[in-house]
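Peer 1: This structure is in structure tokens; I'll ask about it shortly.
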Amino acid sequence: MADAKHSSTQSQPVATLTRLHGWLLLVWFAASFGIVFFAHDLTLIVAGWPVSYWFAAQGSVLVFIGIVAVFAWVANRQEGPVPEVPSAIKAYNYRIHRRFGMFVVLLIMFILALTLAEQGGLRKIWVGAIFLFATVFLYALIGIYGRTSNAAEYYVAGRRIPAIYNGMAVAADWMSAASFISMAGGLYLQGFSGSGTHAGGLVYVLGWTGGFCLLALFVAPYLRQLNLYTLPEYFDHRFGGRWPRIIAAWSAVLCSFIYVVAQIYGVGLITSRLTGVQFEIGILLGLGGVLVCSFLGGMRAVTWTQVTQYVVLILAFLIPVSWLAYKQLGNPVAAVVYGQQLPKITELEMHLKNAPQEQQVIEEYLRRARDYERKLAQLPGSLEQEKRVQKERVQSLLLARAEESEIVAARRLLAALPRDEAAARERWTRARQENMARAQPLAGMPAHTRPFAGDPGGTPDEQQMFDVSRRNFLALMFCLMIGTAGLPHLLTRFYTTRTVAEARNSVTWSLFFIALLYLSAPALAVLVKYEVMSQLVGMRFDDLPVWIAQWIKLDPALISVSDINGDRILQFAELKLGPDIVMLATPELGGLPYVVSGLVAAGGLAAALSTADGLLLTIGNALAHDLFYWKNTDRAGTVRRVMLSKFALLLVALIAAYVAAQRPADILFLVSASFSLAGSAFVPVMILGIFWTGVTRFAAVAGMLAGLLLTLYYMLINMIPVRTLLSLEGSGLWFEIDPVSAGVFGVGAGLLVTIVLSWLTRGSAAR
């Protein structure tokens with residue numbers, strides 16, 4: 001139920017565009033798309049920093065903060081004098097400040113106590129378990145304390161959250177497992193712009209911070225002034241009828257479900273590492289903490305849980321990166337000093353490219369790739385030969401009365417062979433591609449500060465690669481920015497502030513708190529890469545740190561080492577790190593006490609849990625509030641509607657846990673895909689509806705469906721299983737754009753369809 005009342009027509013827009021919008025949008029465009037487009041030409045180096053790299057990693061983020069701060073300040077002043085804050089609100093804020101200060105002090109004391117306990121002989125497994133259960137217990141305690149069945153409290157936390165705390169809650173909600181766990185790893189592996197023509201690297205820093213400018217300028221304050229409960233409710237309020245709200249609700253469920261699967265995967269990864277339990281059990285343990293908060297207390301409990309989770313995750317991120325910066329450079333302010341390591345990394349990259357040992361590894365990868373190519377060409381005979389060779393080996397070991405371990409290993413190799421020709425073709429094709437990718441200088445990783453693949457002044461193939469690489473970077477950045485302005489779980493957070501002015505201030509605080517991590521993530525990637533290249537590479541396999549074997553045991557996809565050239569010395573090309581391991585293993589890589597590893601894992605868990613809380617709440621509310629009990633509140637009653645939201649949340653959480661246990665894709669891909677879907681389904685119609693009265697209901701429905709369905713089609717039609725099933729050959733890409741950036745087509749289609757159909761049906765009522 002919303003506070004806003006329906007009317008038959010919409011004679012005035014929700015808001016009007018001003019010159020301030022235009023000027024700030026121009027600055028935003030120049031600081032993002034302008035800098036990126038000309039990044040290859042910005043070759044100037046200042047104090048070790050390539051200007052293009054510094055601006056993409058730090059300068060643009062600072063500009064974005066300035067944009068949202070200026071907009072909030074000017075817009076709030078234009079509204080007139082700030083009204084007097086009621087004494088009850090002042091007393092409430094004072095209690096919150098005091099409790100927050102006590103929590104921060106107690107958290108620091110808890111970390112110090114565990115550090116002393118570890119030095120006193122407390123086992124590592126207990127350190128990890130204590131961190132896990134203490135933090136989850138705290139979140140559960142807040143959930144129990146904040147339990148409610150009141151609709152305003154459950155859906156929007158009573159609309160009384162101070163801007164600074166809502167900023168922390170938004171930051172925690174926003175900085176999901178992708179930001180905390182995977183982003184630094186992506187920057188480590190992908191450098192400036194990604195590997196090959198696939199966008200990555202600093203695109204996440206630019207996209208996920210630049211989107212807050214769109215959120216502040218065009219969305220958040222205008223939704224807040226409508227006094228709604230959910231995002232689909234806006235489409236009902238603005239356009240009326242059943243279908244705008246129904247389509248928005250199911251779109252919210254879809255993009256939020258994909259997003260929450262990534263978070264629950266991160267929960268399982270961290271919980272299993274902390275406690276030593278199986279991955280699937282780790283998912284269930286972490287999920288319990290999510291459900292207690294969101295199930296019992298809704299937005300009220302989730303808000304204060306997210307505030308505490310922000311403190312945990314930001315400490316967990318900044319402590320190890322500050323330690324590495326101090327260890328390598330003598331200054332703990334990593335974001336300021338890590339540029340000194342960039343020239344050193346460039347030198348190490350050149351050395352590794354030319355090292356004879358690295359060339360030996362590359363040649364072996366090439367040999368393996370050719371071997372798989374030969375097997376593929378000779379199918380099905382090559383598969384039968386492989387089976388025959390393995391069977392003969394098992395028989396020979398049995399006849400020779402070999403060790404039981406050798407016989408078991410041989411039988412496992414036989415059992416692991418593909419069952420049929422189709423399975424062999426799929427597995428060997430993938431293995432060939434992996435070996436070919438590894439048979440590149442630096443194991444296929446790009447030079448860290450190089451803006452894009454290829455060369456605009458090189459051969460025609462290099463010129464094409466450069467164009468495609470830059471095009472994909474710009475496309476993914478666009479999708480991340482637009483998606484930021486359309487994610488339902490994020491937009492709902494701005495419904496919780498007391499006034500529209502506080503909603504604007506809240507966006508500024510949100511971006512400030514997010515920037516504390518986003519400015520440090522590139523620093524962490526650089527410092528870890530230097531540590532790996534200068535310290536880990538060149539070690540004998542017998543002397544490798546114990547933590548490598550522990551992570552390999554948990555999941556070989558996270559980290560793997562193999563003596564490819566047989567010299568018993570680790571080469572850079574023999575080490576494979578997944579993006580999800582770089583942050584989690586940083587304390588062990590830097591030689592920090594295990595208590596910091598526990599803190600990092602707790603921080604990653606906090607990041608995943610905080611986002612999962614908001615996402616599950618959004619899904620539950622969409623199903624119950626926007627679909628099942630839509631316009632049926634008199635019969636259902638507030639309490640029944642809230643209870644249905646809770647049980648819908650529980651059911652969706654269990655389904656998402658099952659999907660996450662199948663490990664469908666890496667965290668960054670899942671999260672990026674949800675941004676494309678959210679941006680294409682919501683943003684064109686939502687922003688047009690806010691600023692233009694001419695949008696009709698029919699055009700809004702058609703625009704949302706066009707954007708969403710086109711994005712889904714482009715993602716699905718380019719999946720390998722789908723193309724195999726439909727016997728599609730060649731590439732299904734349009735303009736060589738990666739499927740994860742499908743939103744660039746969906747947003748354009750949604751915008752075009754909405755505008756054209758609004759003009760064609762402008763005689764009908766907009767609502």
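How things are named: the first chain in the structure tokens is A, the next is B, and so on; residues count from 1 in each chain; ligands count from 1 in the order shown.
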For Gly194 of chain A, please output as a ChimeraX atom specification all residues within 10 Å (counting only C-alpha atoms; exclusion window: fewer than 2 positions along the same chain).
Peer 2: /A:186-192,196-203,445-448,450-453,469-470,472-473
Peer 1: Can you list every residue in segment 167-366 of chain A that DSSP puts in alpha helix (DSSP H), as a JSON list (two decimals) with C-alpha atoms, in the first residue's frame?
Peer 2:
```
[["chain", "number", "residue", "atom", "x", "y", "z"],
["A", 167, "GLY", "CA", 24.42, 5.93, 2.94],
["A", 168, "MET", "CA", 26.25, 3.18, 4.83],
["A", 169, "ALA", "CA", 23.35, 0.78, 4.31],
["A", 170, "VAL", "CA", 23.26, 1.58, 0.57],
["A", 171, "ALA", "CA", 27.04, 1.08, 0.37],
["A", 172, "ALA", "CA", 26.80, -2.32, 2.07],
["A", 173, "ASP", "CA", 23.80, -3.26, -0.06],
["A", 174, "TRP", "CA", 25.69, -2.15, -3.14],
["A", 177, "ALA", "CA", 30.38, -10.20, -3.22],
["A", 183, "MET", "CA", 36.54, -6.83, -8.35],
["A", 184, "ALA", "CA", 40.14, -6.70, -7.12],
["A", 185, "GLY", "CA", 40.68, -10.13, -8.70],
["A", 186, "GLY", "CA", 39.23, -8.90, -11.97],
["A", 187, "LEU", "CA", 41.58, -5.91, -11.87],
["A", 188, "TYR", "CA", 44.51, -8.23, -11.13],
["A", 189, "LEU", "CA", 43.71, -10.47, -14.09],
["A", 190, "GLN", "CA", 42.41, -7.88, -16.56],
["A", 203, "VAL", "CA", 35.22, -0.79, -16.30],
["A", 204, "TYR", "CA", 33.70, -1.95, -13.00],
["A", 205, "VAL", "CA", 35.13, 0.98, -11.05],
["A", 206, "LEU", "CA", 33.84, 3.47, -13.62],
["A", 207, "GLY", "CA", 30.50, 1.77, -14.23],
["A", 208, "TRP", "CA", 29.53, 1.09, -10.65],
["A", 209, "THR", "CA", 30.40, 4.58, -9.40],
["A", 210, "GLY", "CA", 29.34, 6.60, -12.45],
["A", 211, "GLY", "CA", 25.88, 5.07, -12.25],
["A", 212, "PHE", "CA", 25.28, 6.89, -8.96],
["A", 213, "CYS", "CA", 25.35, 10.17, -10.86],
["A", 214, "LEU", "CA", 22.37, 9.01, -12.93],
["A", 220, "ALA", "CA", 16.27, 8.64, -6.40],
["A", 221, "PRO", "CA", 14.84, 11.97, -5.13],
["A", 222, "TYR", "CA", 11.87, 11.83, -7.48],
["A", 223, "LEU", "CA", 10.86, 8.34, -6.45],
["A", 224, "ARG", "CA", 11.21, 9.32, -2.80],
["A", 231, "LEU", "CA", 9.74, 0.08, -7.49],
["A", 232, "PRO", "CA", 6.91, -1.74, -9.37],
["A", 233, "GLU", "CA", 4.51, 0.48, -7.42],
["A", 234, "TYR", "CA", 5.93, 3.50, -9.28],
["A", 235, "PHE", "CA", 4.86, 2.04, -12.63],
["A", 236, "ASP", "CA", 1.34, 1.53, -11.28],
["A", 237, "HIS", "CA", 1.28, 5.06, -9.82],
["A", 238, "ARG", "CA", 2.57, 6.68, -13.03],
["A", 239, "PHE", "CA", 0.83, 4.64, -15.73],
["A", 243, "TRP", "CA", 0.41, -4.62, -16.82],
["A", 244, "PRO", "CA", 3.01, -1.95, -16.01],
["A", 245, "ARG", "CA", 3.14, -3.13, -12.39],
["A", 246, "ILE", "CA", 3.06, -6.84, -13.27],
["A", 247, "ILE", "CA", 5.88, -6.54, -15.82],
["A", 248, "ALA", "CA", 7.93, -4.44, -13.41],
["A", 249, "ALA", "CA", 7.38, -6.94, -10.60],
["A", 250, "TRP", "CA", 8.47, -9.96, -12.64],
["A", 251, "SER", "CA", 11.44, -8.00, -14.02],
["A", 252, "ALA", "CA", 12.45, -7.16, -10.45],
["A", 253, "VAL", "CA", 12.21, -10.85, -9.54],
["A", 254, "LEU", "CA", 14.32, -11.89, -12.53],
["A", 255, "CYS", "CA", 17.23, -9.46, -12.19],
["A", 256, "SER", "CA", 17.25, -9.74, -8.39],
["A", 257, "PHE", "CA", 17.25, -13.55, -8.52],
["A", 258, "ILE", "CA", 20.28, -13.66, -10.83],
["A", 259, "TYR", "CA", 22.02, -11.16, -8.56],
["A", 260, "VAL", "CA", 21.21, -13.08, -5.35],
["A", 261, "VAL", "CA", 22.53, -16.36, -6.77],
["A", 262, "ALA", "CA", 25.94, -14.68, -7.09],
["A", 263, "GLN", "CA", 25.74, -13.48, -3.47],
["A", 264, "ILE", "CA", 24.80, -16.90, -2.10],
["A", 265, "TYR", "CA", 27.66, -18.44, -4.09],
["A", 266, "GLY", "CA", 30.00, -15.99, -2.34],
["A", 267, "VAL", "CA", 28.44, -16.89, 1.03],
["A", 268, "GLY", "CA", 29.14, -20.58, 0.45],
["A", 269, "LEU", "CA", 32.69, -19.90, -0.71],
["A", 270, "ILE", "CA", 33.59, -17.88, 2.38],
["A", 271, "THR", "CA", 31.73, -19.98, 4.95],
["A", 272, "SER", "CA", 33.33, -23.19, 3.72],
["A", 273, "ARG", "CA", 36.79, -21.58, 3.88],
["A", 274, "LEU", "CA", 36.22, -20.28, 7.42],
["A", 275, "THR", "CA", 34.80, -23.48, 8.88],
["A", 279, "PHE", "CA", 30.61, -25.72, -0.05],
["A", 280, "GLU", "CA", 26.92, -26.70, -0.05],
["A", 281, "ILE", "CA", 26.76, -26.78, 3.75],
["A", 282, "GLY", "CA", 28.51, -23.42, 3.83],
["A", 283, "ILE", "CA", 25.71, -22.00, 1.67],
["A", 284, "LEU", "CA", 23.08, -23.19, 4.13],
["A", 285, "LEU", "CA", 24.98, -21.83, 7.15],
["A", 286, "GLY", "CA", 25.35, -18.38, 5.63],
["A", 287, "LEU", "CA", 21.80, -18.40, 4.36],
["A", 288, "GLY", "CA", 20.55, -18.75, 7.92],
["A", 289, "GLY", "CA", 22.01, -15.33, 8.76],
["A", 290, "VAL", "CA", 20.36, -13.78, 5.72],
["A", 291, "LEU", "CA", 16.94, -15.17, 6.49],
["A", 292, "VAL", "CA", 16.87, -14.19, 10.16],
["A", 293, "CYS", "CA", 17.45, -10.53, 9.25],
["A", 294, "SER", "CA", 15.22, -10.16, 6.20],
["A", 295, "PHE", "CA", 12.52, -12.65, 7.26],
["A", 296, "LEU", "CA", 11.82, -11.20, 10.70],
["A", 297, "GLY", "CA", 12.39, -7.48, 10.42],
["A", 298, "GLY", "CA", 12.16, -6.53, 6.76],
["A", 299, "MET", "CA", 13.69, -3.20, 5.79],
["A", 300, "ARG", "CA", 14.02, -2.00, 9.39],
["A", 301, "ALA", "CA", 16.18, -4.93, 10.45],
["A", 302, "VAL", "CA", 18.00, -5.09, 7.11],
["A", 303, "THR", "CA", 18.94, -1.40, 7.31],
["A", 304, "TRP", "CA", 20.73, -1.65, 10.65],
["A", 305, "THR", "CA", 22.23, -5.00, 9.75],
["A", 306, "GLN", "CA", 23.68, -3.43, 6.61],
["A", 307, "VAL", "CA", 25.13, -0.52, 8.61],
["A", 308, "THR", "CA", 27.03, -2.97, 10.84],
["A", 309, "GLN", "CA", 28.03, -5.03, 7.80],
["A", 310, "TYR", "CA", 29.47, -1.96, 6.11],
["A", 311, "VAL", "CA", 31.79, -1.32, 9.05],
["A", 312, "VAL", "CA", 32.93, -4.95, 9.02],
["A", 313, "LEU", "CA", 33.55, -5.10, 5.28],
["A", 314, "ILE", "CA", 35.34, -1.75, 4.97],
["A", 315, "LEU", "CA", 37.72, -2.63, 7.84],
["A", 316, "ALA", "CA", 38.23, -6.06, 6.31],
["A", 317, "PHE", "CA", 39.18, -4.50, 2.97],
["A", 318, "LEU", "CA", 41.30, -1.56, 4.12],
["A", 319, "ILE", "CA", 43.42, -3.38, 6.74],
["A", 320, "PRO", "CA", 45.14, -5.87, 4.38],
["A", 321, "VAL", "CA", 45.55, -3.38, 1.52],
["A", 322, "SER", "CA", 47.03, -0.84, 3.94],
["A", 323, "TRP", "CA", 49.37, -3.51, 5.31],
["A", 324, "LEU", "CA", 50.59, -4.45, 1.82],
["A", 325, "ALA", "CA", 51.15, -0.77, 0.96],
["A", 326, "TYR", "CA", 53.15, -0.25, 4.16],
["A", 327, "LYS", "CA", 55.14, -3.45, 3.58],
["A", 328, "GLN", "CA", 56.05, -2.55, 0.00],
["A", 329, "LEU", "CA", 56.18, 1.26, 0.09],
["A", 334, "ALA", "CA", 47.42, 2.53, -0.49],
["A", 335, "ALA", "CA", 45.20, 4.58, -2.81],
["A", 336, "VAL", "CA", 47.72, 7.42, -2.78],
["A", 337, "VAL", "CA", 51.03, 5.56, -3.14],
["A", 341, "GLN", "CA", 54.51, 0.07, -8.23],
["A", 342, "LEU", "CA", 53.11, 0.51, -11.72],
["A", 343, "PRO", "CA", 56.49, 1.10, -13.43],
["A", 344, "LYS", "CA", 57.94, -1.85, -11.49],
["A", 345, "ILE", "CA", 55.13, -4.10, -12.67],
["A", 346, "THR", "CA", 55.74, -2.98, -16.25],
["A", 347, "GLU", "CA", 59.41, -4.00, -15.88],
["A", 348, "LEU", "CA", 58.47, -7.36, -14.36],
["A", 349, "GLU", "CA", 56.00, -8.00, -17.17],
["A", 350, "MET", "CA", 58.72, -7.38, -19.77],
["A", 351, "HIS", "CA", 61.12, -9.67, -17.89],
["A", 352, "LEU", "CA", 58.58, -12.49, -17.64],
["A", 353, "LYS", "CA", 57.66, -12.21, -21.32],
["A", 354, "ASN", "CA", 61.28, -12.80, -22.30],
["A", 356, "PRO", "CA", 63.37, -18.74, -21.12],
["A", 357, "GLN", "CA", 61.54, -20.69, -18.39],
["A", 358, "GLU", "CA", 58.30, -18.92, -19.22],
["A", 359, "GLN", "CA", 58.80, -19.75, -22.91],
["A", 360, "GLN", "CA", 59.17, -23.43, -22.01],
["A", 361, "VAL", "CA", 55.83, -23.34, -20.22],
["A", 362, "ILE", "CA", 54.18, -21.60, -23.19],
["A", 363, "GLU", "CA", 55.55, -24.23, -25.58],
["A", 364, "GLU", "CA", 54.15, -27.03, -23.40],
["A", 365, "TYR", "CA", 50.72, -25.37, -23.35],
["A", 366, "LEU", "CA", 50.89, -25.12, -27.14]]
```
Peer 1: Got a sec: who's within 6 Å of segment 528-543 of chain A, counting only C-alpha atoms, leaving out chain neighbours fewer than 2 positions off, as a ChimeraX atom specification?
Peer 2: /A:524-526,568-572
Peer 1: Take the residues just selected and output them with N, CA and C atoms as an mmCIF file, in the first residue's frame.
Peer 2:
```
data_model
loop_
_atom_site.group_PDB
_atom_site.id
_atom_site.type_symbol
_atom_site.label_atom_id
_atom_site.label_comp_id
_atom_site.auth_asym_id
_atom_site.auth_seq_id
_atom_site.Cartn_x
_atom_site.Cartn_y
_atom_site.Cartn_z
ATOM 1 N N LEU A 524 44.841 -2.602 -4.407
ATOM 2 C CA LEU A 524 45.047 -3.979 -3.975
ATOM 3 C C LEU A 524 45.492 -4.858 -5.139
ATOM 4 N N ALA A 525 44.864 -4.699 -6.302
ATOM 5 C CA ALA A 525 45.239 -5.506 -7.467
ATOM 6 C C ALA A 525 46.701 -5.281 -7.835
ATOM 7 N N VAL A 526 47.138 -4.028 -7.828
ATOM 8 C CA VAL A 526 48.527 -3.710 -8.180
ATOM 9 C C VAL A 526 49.497 -4.277 -7.146
ATOM 10 N N ARG A 568 60.570 -27.803 -11.239
ATOM 11 C CA ARG A 568 60.256 -27.714 -9.804
ATOM 12 C C ARG A 568 60.334 -26.289 -9.281
ATOM 13 N N ILE A 569 60.280 -25.296 -10.172
ATOM 14 C CA ILE A 569 60.266 -23.886 -9.778
ATOM 15 C C ILE A 569 59.010 -23.254 -10.375
ATOM 16 N N LEU A 570 58.300 -22.495 -9.565
ATOM 17 C CA LEU A 570 57.051 -21.900 -10.016
ATOM 18 C C LEU A 570 57.312 -20.763 -10.989
ATOM 19 N N GLN A 571 56.765 -20.906 -12.190
ATOM 20 C CA GLN A 571 56.800 -19.832 -13.172
ATOM 21 C C GLN A 571 55.448 -19.105 -13.151
ATOM 22 N N PHE A 572 55.441 -17.897 -13.669
ATOM 23 C CA PHE A 572 54.208 -17.115 -13.637
ATOM 24 C C PHE A 572 53.101 -17.804 -14.425
#
```
Peer 1: Write out as a count of residues only all residues of segment 524-591 of chain A that DSSP puts in strand (DSSP E or B) for this structure's backbone.
Peer 2: 8
